[in-house]
Amino acid sequence: MSPANSASPRASTAPSPWPIAFAGMVSLAVAMGIGRFAFTPLLPLMLRDGVIDLPRASWLASANYLGYFVGALLCTLQPWLWARFRFLPLLAFSSLVRAGLLTTCVLTLAMAWQFQPAWPWLRFAAGVTSAVVFVFTSGWCLSQLARRGVPEMGGVIYMGPGAGIVVSGLFASGMVAWHWTAARGWLIFGVLAFVLTAVVWKVLSGGEDHLAARGAPLTGATLLAPVAQSRAEMPLLTFAYGLAGFGYIITATFLPVIARAALPGSGWLDLFWPIFGVGIMTGALLATRIPGSFDRRRLLAACYFLQALGIATSLLNPSLAGFAVGSLLLGLPFTAITFFAMQEVRRLRPSTAASFIGLLTATYGVGQILGPPLVALLLRHTRSAGQGFTLSLAIAASSLLVGAALYAWMARAYPTVAPGTSGTRKRRRKT
């Protein structure tokens, strides 16, 4: 009997790969593109409304990134916590994603509340929620797609942040033209998040992936062949991934403000952020076309270099064309970096992938936390905002180049076994 004929009735009604990939994309669009990054296109409105200034905006952004770090850390420690506190329920990944999306919707709406002491806490909570949604959307979708024999479609879900950024950027551009307040913008984005969540609610259900205690196998995990590896590989991968968080965050947080300072009065200012989002979507889609035989670390090195080039383009050519090309180059590898890094985690730690995805996400969050305070510090100690932003971006680009060099070294130091070769061809070890 063929596998298709032996499938259970429940399996036959399970969603096909494209609905799963689309649901994952929308989930990340809500949690990341709106829940986290709507702050960037709305920041000029908040500055114009006089409800915030640049130093406070930096700390407000850091509150969100700190929440992202805490949420990712909780995901990393989840197996340990569930092993220690046996009364905690073994929830399904899809249930956590649903709960996280609803929480994101509420927190986004709450930012319209003109009670400024609450804003840091709201942004912190939004960061925690976005990390949880990211980790468990990634775990659920990648596992479901792998079971259906199409793991390369996982890149589609990472188009989500870009799609959310495009939509929020275009909406914010219209709000600027119509002289709407930032509070109204937060309300609109909150309603939009609810609508998008409702669209994919039915698909985001079921699946065999549940939380597991440490020492227990991850239910529903796709167990890959064990990989001979050095103990240094995972720490190096984690550190290098954290550099990506620091490298992009200054531009991703302050791009509209930086562009306004360099090109005052230009009618194109509000389109650089959507261009960044289009780059994210395009890069994620292109990532699905890259064969699995390519070394992910070499691809990551290329992605980091491309982002550094995007930042350098904006620095060296602060014109309309420079910002447009820089935004596109920064966006193209943005979620492709995440996709390739998550694939590398699943290769190195197949049975505990969700926990290590959380670890990488937490390290990425540390990099994000460090970026905005650096900007605030440099703005305070330089003669102009332009000088402060220039120095911040130069440091960010340098960190990305360090990450690219580290990945290139790892690919040479720890070569992988080519797919389809026998186990006699072992990986070289560095001692």
# chains A, B, ... in the order shown; residues from 1 in each chain; ligands from 1

$ residues_around --residues "region 239-251 of chain A" --least-positions-apart "3" --cutoff "9 Å" --atoms "only C-alpha atoms" --output "ChimeraX atom specification"
/A:234-236,254-256,258,304,307-308,311,327,330,334,337-338,341,360-372,374-375,389,392-393,395-400,402-404,406-407

$ residues_around --residues "Ser58 (chain A)" --least-positions-apart "3" --cutoff "7 Å" --atoms "only C-alpha atoms" --output "list in words"
Leu54, Pro55, Ala61, Ser62, Pro372, Pro373 and Ala376 of chain A

$ closest_residue --among "A:Thr352, A:Ser319, A:Thr282, A:Thr103" --to "Pro161 (chain A)" --atoms "only C-alpha atoms"
A:Thr282

$ residues_around --residues "Leu45 (chain A)" --least-positions-apart "5" --cutoff "12 Å" --atoms "only C-alpha atoms" --output "list of chain:residue names"
A:Ala38, A:Phe39, A:Thr40, A:Gly50, A:Val51, A:Ile52, A:Asp53, A:Ala57, A:Ala172, A:Ser173, A:Gly174, A:Met175, A:Val176, A:Ala177, A:Trp178, A:His179, A:Trp180, A:Thr181, A:Ala182, A:Ala183, A:Arg184, A:Gly185, A:Trp186, A:Pro256, A:Val257, A:Asp270

$ write_last_selection --atoms "C-alpha atoms" --output "PDB file, in the first residue's frame"
ATOM      1  CA  ALA A  38       5.492  49.686  12.796  1.00  0.00           C
ATOM      2  CA  PHE A  39       7.319  51.883  15.297  1.00  0.00           C
ATOM      3  CA  THR A  40       9.872  52.884  12.613  1.00  0.00           C
ATOM      4  CA  GLY A  50       5.846  66.288  19.985  1.00  0.00           C
ATOM      5  CA  VAL A  51       5.065  63.191  22.076  1.00  0.00           C
ATOM      6  CA  ILE A  52       8.683  61.972  21.952  1.00  0.00           C
ATOM      7  CA  ASP A  53      12.216  63.117  21.079  1.00  0.00           C
ATOM      8  CA  ALA A  57      12.801  57.167  20.937  1.00  0.00           C
ATOM      9  CA  ALA A 172       2.411  55.612   7.298  1.00  0.00           C
ATOM     10  CA  SER A 173       3.302  57.491   4.107  1.00  0.00           C
ATOM     11  CA  GLY A 174      -0.384  58.193   3.550  1.00  0.00           C
ATOM     12  CA  MET A 175      -0.793  59.251   7.174  1.00  0.00           C
ATOM     13  CA  VAL A 176       1.995  61.804   6.774  1.00  0.00           C
ATOM     14  CA  ALA A 177       0.399  63.190   3.619  1.00  0.00           C
ATOM     15  CA  TRP A 178      -3.004  63.428   5.322  1.00  0.00           C
ATOM     16  CA  HIS A 179      -1.524  64.928   8.518  1.00  0.00           C
ATOM     17  CA  TRP A 180      -2.894  62.186  10.727  1.00  0.00           C
ATOM     18  CA  THR A 181      -1.604  61.708  14.245  1.00  0.00           C
ATOM     19  CA  ALA A 182       0.619  58.830  15.348  1.00  0.00           C
ATOM     20  CA  ALA A 183      -2.123  57.686  17.744  1.00  0.00           C
ATOM     21  CA  ARG A 184      -4.482  57.152  14.819  1.00  0.00           C
ATOM     22  CA  GLY A 185      -1.714  55.240  13.068  1.00  0.00           C
ATOM     23  CA  TRP A 186      -1.339  52.829  15.977  1.00  0.00           C
ATOM     24  CA  PRO A 256      13.094  57.512   7.957  1.00  0.00           C
ATOM     25  CA  VAL A 257      14.672  59.957  10.432  1.00  0.00           C
ATOM     26  CA  ASP A 270       8.539  57.844   3.110  1.00  0.00           C
TER      27      ASP A 270
END

$ select_by_dssp --residues "region 50-112 of chain A" --states "helix (DSSP H, G or I)" --output "PyMOL selection string"
chain A and resi 54-84+93-110

$ residues_around --residues "Gly71 (chain A)" --least-positions-apart "4" --cutoff "8 Å" --atoms "only C-alpha atoms" --output "count of residues only"
9

$ atom_distance --atom1 "CA of Ala92 (chain A)" --atom2 "CA of Ala23 (chain A)"
16.0 Å

$ closest_residue --among "A:Pro44, A:Gly386, A:Pro89, A:Gly279" --to "Pro318 (chain A)" --atoms "only C-alpha atoms"
A:Gly386

$ closest_residue --among "A:Leu28, A:Leu263, A:Val135, A:Val203" --to "Met342 (chain A)" --atoms "only C-alpha atoms"
A:Val135

$ atom_distance --atom1 "CA of Leu401 (chain A)" --atom2 "CA of Gly331 (chain A)"
16.3 Å

$ closest_residue --among "A:Ala31, A:Pro79, A:Arg349, A:Val278" --to "Thr108 (chain A)" --atoms "only C-alpha atoms"
A:Ala31
